[in-house]
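Pasted below: my_file_27.txt, compact mmCIF, C-alpha atoms.
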# COMPACT_ATOMS: atom_id res chain seq x y z
CA MET A 28 171.87 234.16 123.30
CA ASP A 29 169.94 237.23 124.49
CA PRO A 30 169.01 237.51 128.19
CA ASP A 31 165.27 237.17 127.58
CA THR A 32 165.77 233.90 125.72
CA ALA A 33 168.11 232.56 128.40
CA LEU A 34 165.55 233.52 131.04
CA ALA A 35 162.72 231.82 129.13
CA LEU A 36 164.77 228.62 128.98
CA ARG A 37 165.67 228.90 132.65
CA ARG A 38 161.95 229.16 133.33
CA LEU A 39 161.53 225.67 131.87
CA LEU A 40 163.50 224.33 134.84
CA ALA A 41 161.14 226.12 137.23
CA THR A 42 157.89 225.17 135.55
CA ARG A 43 158.24 221.75 133.91
CA PRO A 44 157.59 218.99 136.45
CA VAL A 45 159.59 216.18 134.88
CA ALA A 46 162.89 215.62 133.13
CA SER A 47 164.36 212.79 131.13
CA LEU A 48 167.27 211.25 133.03
CA ALA A 49 169.99 209.41 131.14
CA THR A 50 172.26 207.13 133.14
CA LEU A 51 175.03 204.76 132.20
CA HIS A 52 173.74 201.19 132.57
CA HIS A 53 176.33 198.45 132.04
CA GLY A 54 178.09 200.77 129.60
CA GLU A 55 174.95 201.65 127.63
CA PRO A 56 172.77 204.78 127.80
CA ALA A 57 169.51 204.20 129.70
CA LEU A 58 166.55 206.56 130.04
CA SER A 59 163.93 207.16 132.68
CA MET A 60 161.60 209.96 133.74
CA VAL A 61 162.14 211.90 136.95
CA PRO A 62 160.17 214.64 138.62
CA PHE A 63 162.69 217.27 139.72
CA VAL A 64 162.99 220.56 141.54
CA LEU A 65 165.56 223.35 141.19
CA PRO A 66 165.06 225.52 144.27
CA ALA A 67 165.21 229.28 143.68
CA GLY A 68 168.78 230.49 144.12
CA ASP A 69 170.22 226.95 144.10
CA THR A 70 172.51 225.51 141.43
CA ARG A 71 171.56 221.87 142.02
CA LEU A 72 168.49 219.96 140.92
CA TYR A 73 166.98 217.38 143.24
CA ILE A 74 165.22 214.11 142.41
CA HIS A 75 163.60 211.53 144.70
CA VAL A 76 164.34 208.00 143.57
CA SER A 77 163.81 204.43 144.70
CA ALA A 78 166.73 202.18 145.62
CA LEU A 79 164.81 199.53 143.66
CA ALA A 80 165.00 201.59 140.45
CA THR A 81 167.67 200.84 137.86
CA HIS A 82 168.54 204.54 137.39
CA THR A 83 169.36 204.81 141.11
CA ARG A 84 171.82 201.93 141.00
CA ASP A 85 173.22 203.36 137.76
CA LEU A 86 173.94 206.82 139.18
CA GLN A 87 175.44 205.33 142.33
CA GLN A 88 177.87 203.33 140.17
CA HIS A 89 178.50 206.16 137.68
CA ALA A 90 177.72 209.68 138.90
CA ARG A 91 177.75 211.47 135.55
CA VAL A 92 174.22 211.67 134.17
CA ALA A 93 172.34 213.78 131.63
CA LEU A 94 169.00 215.57 131.99
CA LEU A 95 166.66 216.98 129.37
CA VAL A 96 163.79 219.36 130.06
CA MET A 97 161.54 220.24 127.14
CA ALA A 98 158.80 222.79 126.58
CA GLU A 99 155.39 221.31 125.90
CA PRO A 100 154.80 220.73 122.19
CA ASP A 101 152.09 222.94 120.73
CA ALA A 102 150.53 223.38 117.31
CA ASP A 103 152.34 226.68 116.74
CA THR A 104 155.87 225.38 117.29
CA LEU A 105 157.71 223.08 114.93
CA ALA A 106 158.68 219.93 116.83
CA GLN A 107 162.24 220.53 115.58
CA ALA A 108 162.19 224.00 117.17
CA LEU A 109 160.82 223.04 120.59
CA PRO A 110 162.72 224.94 123.30
CA ARG A 111 164.69 222.65 125.61
CA VAL A 112 167.57 222.47 128.03
CA ALA A 113 170.03 219.58 128.18
CA LEU A 114 172.27 219.26 131.21
CA GLN A 115 175.28 217.14 132.05
CA ALA A 116 175.33 216.66 135.80
CA ASP A 117 177.00 214.74 138.59
CA ALA A 118 174.72 212.86 141.00
CA THR A 119 175.16 212.64 144.77
CA VAL A 120 172.81 210.74 147.07
CA LEU A 121 171.99 213.02 150.02
CA GLU A 122 172.52 211.67 153.53
CA ARG A 123 169.26 211.38 155.46
CA ASP A 124 169.06 213.72 158.46
CA SER A 125 171.64 216.05 156.90
CA PRO A 126 170.78 219.77 156.63
CA GLU A 127 171.01 219.62 152.82
CA HIS A 128 168.61 216.65 152.84
CA ALA A 129 166.10 218.60 154.93
CA ALA A 130 166.34 221.62 152.63
CA ALA A 131 166.00 219.51 149.50
CA ARG A 132 163.05 217.61 151.02
CA ALA A 133 161.28 220.87 151.82
CA ALA A 134 161.87 222.22 148.31
CA TYR A 135 160.76 218.94 146.73
CA LEU A 136 157.55 218.78 148.78
CA LEU A 137 156.81 222.43 148.03
CA ARG A 138 156.95 221.50 144.34
CA PHE A 139 155.26 218.08 144.73
CA PRO A 140 153.05 218.10 147.85
CA GLN A 141 151.38 214.87 146.74
CA ALA A 142 154.75 213.11 146.99
CA ALA A 143 154.76 213.31 150.79
CA PRO A 144 153.67 209.66 151.24
CA ILE A 145 156.60 208.53 149.10
CA PHE A 146 158.96 210.03 151.70
CA GLU A 147 157.48 207.53 154.17
CA LEU A 148 158.81 204.69 152.02
CA GLY A 149 162.17 203.58 153.35
CA ASP A 150 163.76 202.80 150.01
CA PHE A 151 163.52 206.28 148.49
CA SER A 152 166.44 208.73 148.51
CA LEU A 153 166.95 212.34 147.51
CA VAL A 154 169.69 212.78 144.93
CA ALA A 155 171.36 216.12 144.14
CA LEU A 156 172.30 216.71 140.52
CA GLN A 157 175.05 219.27 140.03
CA PRO A 158 175.08 220.50 136.43
CA VAL A 159 178.55 220.82 134.91
CA ALA A 160 177.40 221.89 131.44
CA ALA A 161 174.17 223.07 129.86
CA ARG A 162 172.98 223.19 126.27
CA LEU A 163 170.20 225.73 125.82
CA VAL A 164 168.19 225.35 122.62
CA ALA A 165 165.75 228.17 121.88
CA GLY A 166 164.73 226.92 118.45
CA PHE A 167 165.96 225.46 115.19
CA GLY A 168 169.68 226.22 115.02
CA ARG A 169 169.46 228.54 118.03
CA ALA A 170 171.64 226.85 120.65
CA HIS A 171 173.98 228.11 123.33
CA SER A 172 176.27 226.24 125.72
CA LEU A 173 177.00 227.24 129.31
CA VAL A 174 179.67 226.09 131.75
CA GLY A 175 181.35 227.38 134.89
CA ALA A 176 180.27 230.65 136.44
CA ALA A 177 177.96 231.52 133.55
CA LEU A 178 176.16 228.19 134.11
CA ALA A 179 175.89 228.75 137.87
CA ASP A 180 174.53 232.28 137.36
CA TRP A 181 171.97 231.03 134.87
CA LEU A 182 170.88 228.18 137.18
CA ARG A 183 170.38 230.58 140.10
CA GLY A 184 167.89 232.41 137.88
CA MET B 2 149.64 194.82 131.90
CA ASP B 3 146.11 194.78 130.47
CA PRO B 4 145.65 195.26 126.69
CA ASP B 5 143.93 198.65 127.06
CA THR B 6 146.83 200.02 129.09
CA ALA B 7 149.38 198.64 126.63
CA LEU B 8 147.40 200.21 123.78
CA ALA B 9 147.23 203.57 125.55
CA LEU B 10 151.01 203.54 125.98
CA ARG B 11 151.49 202.47 122.36
CA ARG B 12 149.36 205.47 121.42
CA LEU B 13 151.99 207.74 123.00
CA LEU B 14 154.38 206.65 120.22
CA ALA B 15 151.79 207.62 117.60
CA THR B 16 150.76 210.94 119.09
CA ARG B 17 153.72 212.52 120.88
CA PRO B 18 155.90 214.43 118.40
CA VAL B 19 159.22 214.29 120.21
CA ALA B 20 161.31 211.86 122.23
CA SER B 21 164.34 212.20 124.43
CA LEU B 22 167.31 210.47 122.80
CA ALA B 23 170.17 209.22 124.94
CA THR B 24 173.43 208.43 123.19
CA LEU B 25 176.83 207.36 124.41
CA HIS B 26 179.19 210.34 124.10
CA HIS B 27 182.83 209.62 124.90
CA GLY B 28 181.63 207.00 127.35
CA GLU B 29 179.11 209.27 129.08
CA PRO B 30 175.32 209.45 128.65
CA ALA B 31 174.22 212.44 126.54
CA LEU B 32 170.69 213.69 125.90
CA SER B 33 168.99 215.48 123.06
CA MET B 34 165.46 215.94 121.74
CA VAL B 35 164.33 214.32 118.51
CA PRO B 36 161.09 214.47 116.59
CA PHE B 37 160.28 210.89 115.57
CA VAL B 38 157.77 208.83 113.65
CA LEU B 39 156.73 205.19 114.09
CA PRO B 40 154.85 204.32 110.90
CA ALA B 41 151.69 202.22 111.33
CA GLY B 42 152.58 198.54 111.09
CA ASP B 43 156.32 199.21 111.36
CA THR B 44 158.58 198.13 114.24
CA ARG B 45 161.21 200.84 113.73
CA LEU B 46 161.14 204.50 114.68
CA TYR B 47 162.69 207.06 112.36
CA ILE B 48 164.45 210.31 113.19
CA HIS B 49 165.95 212.97 110.88
CA VAL B 50 169.25 214.26 112.20
CA SER B 51 172.08 216.55 111.16
CA ALA B 52 175.58 215.23 110.54
CA LEU B 53 176.67 218.35 112.47
CA ALA B 54 174.80 217.21 115.60
CA THR B 55 176.65 215.46 118.40
CA HIS B 56 173.97 212.78 118.78
CA THR B 57 174.43 211.80 115.12
CA ARG B 58 178.15 211.25 115.53
CA ASP B 59 177.46 209.43 118.79
CA LEU B 60 175.00 206.93 117.29
CA GLN B 61 177.28 206.32 114.30
CA GLN B 62 180.10 205.42 116.71
CA HIS B 63 177.87 203.48 119.14
CA ALA B 64 174.56 202.22 117.73
CA ARG B 65 172.82 201.37 121.01
CA VAL B 66 170.70 204.32 122.13
CA ALA B 67 167.74 204.90 124.45
CA LEU B 68 164.49 206.76 123.79
CA LEU B 69 161.89 208.10 126.18
CA VAL B 70 158.40 209.25 125.19
CA MET B 71 156.26 210.78 127.92
CA ALA B 72 152.62 211.77 128.19
CA GLU B 73 152.02 215.47 128.68
CA PRO B 74 151.94 216.42 132.37
CA ASP B 75 148.52 217.58 133.55
CA ALA B 76 147.09 218.81 136.83
CA ASP B 77 145.22 215.55 137.40
CA THR B 78 148.22 213.23 137.15
CA LEU B 79 150.99 212.99 139.71
CA ALA B 80 154.29 213.76 138.01
CA GLN B 81 155.58 210.49 139.48
CA ALA B 82 152.73 208.62 137.76
CA LEU B 83 153.05 210.16 134.29
CA PRO B 84 152.63 207.43 131.65
CA ARG B 85 155.77 206.90 129.57
CA VAL B 86 157.62 204.47 127.37
CA ALA B 87 161.37 203.92 127.50
CA LEU B 88 163.05 202.06 124.65
CA GLN B 89 166.49 200.60 124.11
CA ALA B 90 167.18 200.67 120.39
CA ASP B 91 169.88 200.16 117.79
CA ALA B 92 170.44 202.99 115.31
CA THR B 93 171.11 202.58 111.59
CA VAL B 94 171.64 205.50 109.20
CA LEU B 95 169.49 204.86 106.12
CA GLU B 96 171.15 204.99 102.70
CA ARG B 97 169.81 207.82 100.55
CA ASP B 98 167.93 206.62 97.45
CA SER B 99 167.20 203.26 99.13
CA PRO B 100 163.57 202.04 99.19
CA GLU B 101 163.57 202.08 103.00
CA HIS B 102 164.82 205.69 102.93
CA ALA B 103 162.00 206.68 100.60
CA ALA B 104 159.40 204.97 102.80
CA ALA B 105 160.79 206.51 105.97
CA ARG B 106 160.96 209.96 104.33
CA ALA B 107 157.31 209.69 103.27
CA ALA B 108 156.23 208.62 106.75
CA TYR B 109 158.31 211.36 108.38
CA LEU B 110 156.91 214.08 106.12
CA LEU B 111 153.37 212.80 106.66
CA ARG B 112 153.98 213.32 110.41
CA PHE B 113 156.00 216.55 110.02
CA PRO B 114 155.05 218.27 106.76
CA GLN B 115 156.80 221.47 107.86
CA ALA B 116 160.10 219.54 107.92
CA ALA B 117 160.20 219.27 104.11
CA PRO B 118 162.75 222.11 103.73
CA ILE B 119 165.10 220.30 106.11
CA PHE B 120 165.26 217.41 103.65
CA GLU B 121 166.76 219.88 101.17
CA LEU B 122 169.73 220.35 103.51
CA GLY B 123 172.52 218.05 102.47
CA ASP B 124 173.81 217.26 105.93
CA PHE B 125 170.63 215.65 107.31
CA SER B 126 170.08 211.90 107.39
CA LEU B 127 167.23 209.59 108.29
CA VAL B 128 168.11 207.13 111.04
CA ALA B 129 166.13 203.98 111.81
CA LEU B 130 165.87 203.03 115.47
CA GLN B 131 165.11 199.35 116.05
CA PRO B 132 163.84 198.81 119.60
CA VAL B 133 165.29 195.77 121.35
CA ALA B 134 163.54 196.30 124.68
CA ALA B 135 160.72 198.48 125.99
CA ARG B 136 159.74 199.56 129.47
CA LEU B 137 156.08 200.59 129.62
CA VAL B 138 155.13 202.62 132.68
CA ALA B 139 151.41 203.21 133.15
CA GLY B 140 151.69 204.86 136.54
CA PHE B 141 153.34 204.73 139.93
CA GLY B 142 154.67 201.19 140.33
CA ARG B 143 152.80 200.03 137.22
CA ALA B 144 155.55 198.97 134.82
CA HIS B 145 155.90 196.22 132.27
CA SER B 146 158.85 195.18 130.13
CA LEU B 147 158.65 193.89 126.57
CA VAL B 148 161.21 192.15 124.36
CA GLY B 149 161.20 189.92 121.31
CA ALA B 150 157.98 189.03 119.55
CA ALA B 151 155.83 190.66 122.23
CA LEU B 152 157.73 193.91 121.69
CA ALA B 153 157.37 193.70 117.90
CA ASP B 154 153.64 193.00 118.17
CA TRP B 155 153.17 195.94 120.51
CA LEU B 156 155.17 198.27 118.25
CA ARG B 157 153.09 197.31 115.22
CA GLY B 158 150.08 198.53 117.19
Any chance you could put this one into structure tokens?
Amino acid sequence: MDPDTALALRRLLATRPVASLATLHHGEPALSMVPFVLPAGDTRLYIHVSALATHTRDLQQHARVALLVMAEPDADTLAQALPRVALQADATVLERDSPEHAAARAAYLLRFPQAAPIFELGDFSLVALQPVAARLVAGFGRAHSLVGAALADWLRG
Amino acid sequence: MDPDTALALRRLLATRPVASLATLHHGEPALSMVPFVLPAGDTRLYIHVSALATHTRDLQQHARVALLVMAEPDADTLAQALPRVALQADATVLERDSPEHAAARAAYLLRFPQAAPIFELGDFSLVALQPVAARLVAGFGRAHSLVGAALADWLRG
């Protein structure tokens, strides 16, 4: 995949506000929507989830999750060719009052200022998602997989 | 959930061209994007997938999948409040030359006329996805679950 295409797909992670989150729920795949942020220079995505939500219990019981971020459909792009990024990632709930929690909170609120009141709710936690593999799809039959250092470099943007 | 809200969420299934598809892949959740159609009056969604694709092998080995269809993010809607529908569904590959295959093909091509050439590729199959549960989310903290006859009635629109 050429650098410009890889960069355009990386930009999806910086510009799209929500991802699909797949968790393992009693052995079955389950899906929910999560706003997310990938801070510039970081290799982890951060989500802010409720302890009352099924996906939160799921990822605490089974850390391996999947994320999908898609470009917005438009009339000029075949639905089959919509650019998207699929990630496999491992979830870690961040400890409140830890430095990484403070940094993730700041990055999250920079991306979603209107979410500030939600941080006042006691049952919400920040979860870090560390990608272990990425599938970049630039169009119909135009896919590229990334792992390891190449994945980390791409995530850092 | 009031009827207008349920109808607005049902409309997402008629108007959004793509869904996130979660499959079970070697025991882990995996995500991909799929264009889909839910024909008027039908209770099953149909996708057109390649035998070469991981999600196709996954759903043939483990029929229970999850789907997520989201409204398009806009500046006026909090990302956390984006309307969406999550479905648990059971996948069945449709037999070529069966009446249900012909009906699904017609409905799919009505929705995605540009996909006609893909039907000429030998390795693509139509898969029916029968929802067994739906989670309708109209906004922040505004969720409603549907199963059974209520789910079927809602799917028929």
### Task
With a cut-off of 6 Å and counting all atoms listed in the file, select all residues of chain A in contact with chain B and give the selection as a count of residues only.
9
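Reported to one decimal place, the separation of atom CA of A:Ala118 from atom CA of A:Tyr73 is 9.2 Å.
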### Message
Please determine, counting only C-alpha atoms, which residue among A:Asp29, A:Asp85, A:Asp69, A:Asp150 has the shortest atom-to-atom distance to A:Ala134.
### Response
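Of all the options, A:Asp69 lies closest to A:Ala134.
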### Query
With only C-alpha atoms as the basis for distance, which of A:Leu163, A:Leu153, A:Ala143, A:Ala130 is at the shortest distance from A:Thr32?
A:Leu163
### Query
How far is it from atom CA of B:Phe141 to atom CA of A:Ser152, in Å with one decimal?
16.2 Å
### Message
As an exercise, work out the distance from atom CA of B:Ala105 to atom CA of B:Gly158 in Å and give it to one decimal place.
### Response
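Those two atoms sit 17.4 Å apart.
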### Task
Compare A:Ala78, A:Leu182, A:Leu173, A:Leu121 by their minimum atom-to-atom distance to A:Leu148, counting only C-alpha atoms, and give me the closest one.
A:Ala78
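In terms of minimum interatomic distance to B:Leu13, B:Ala72 ranks closest within B:Leu39, B:Leu111, B:Ala72, B:Glu101, counting only C-alpha atoms.
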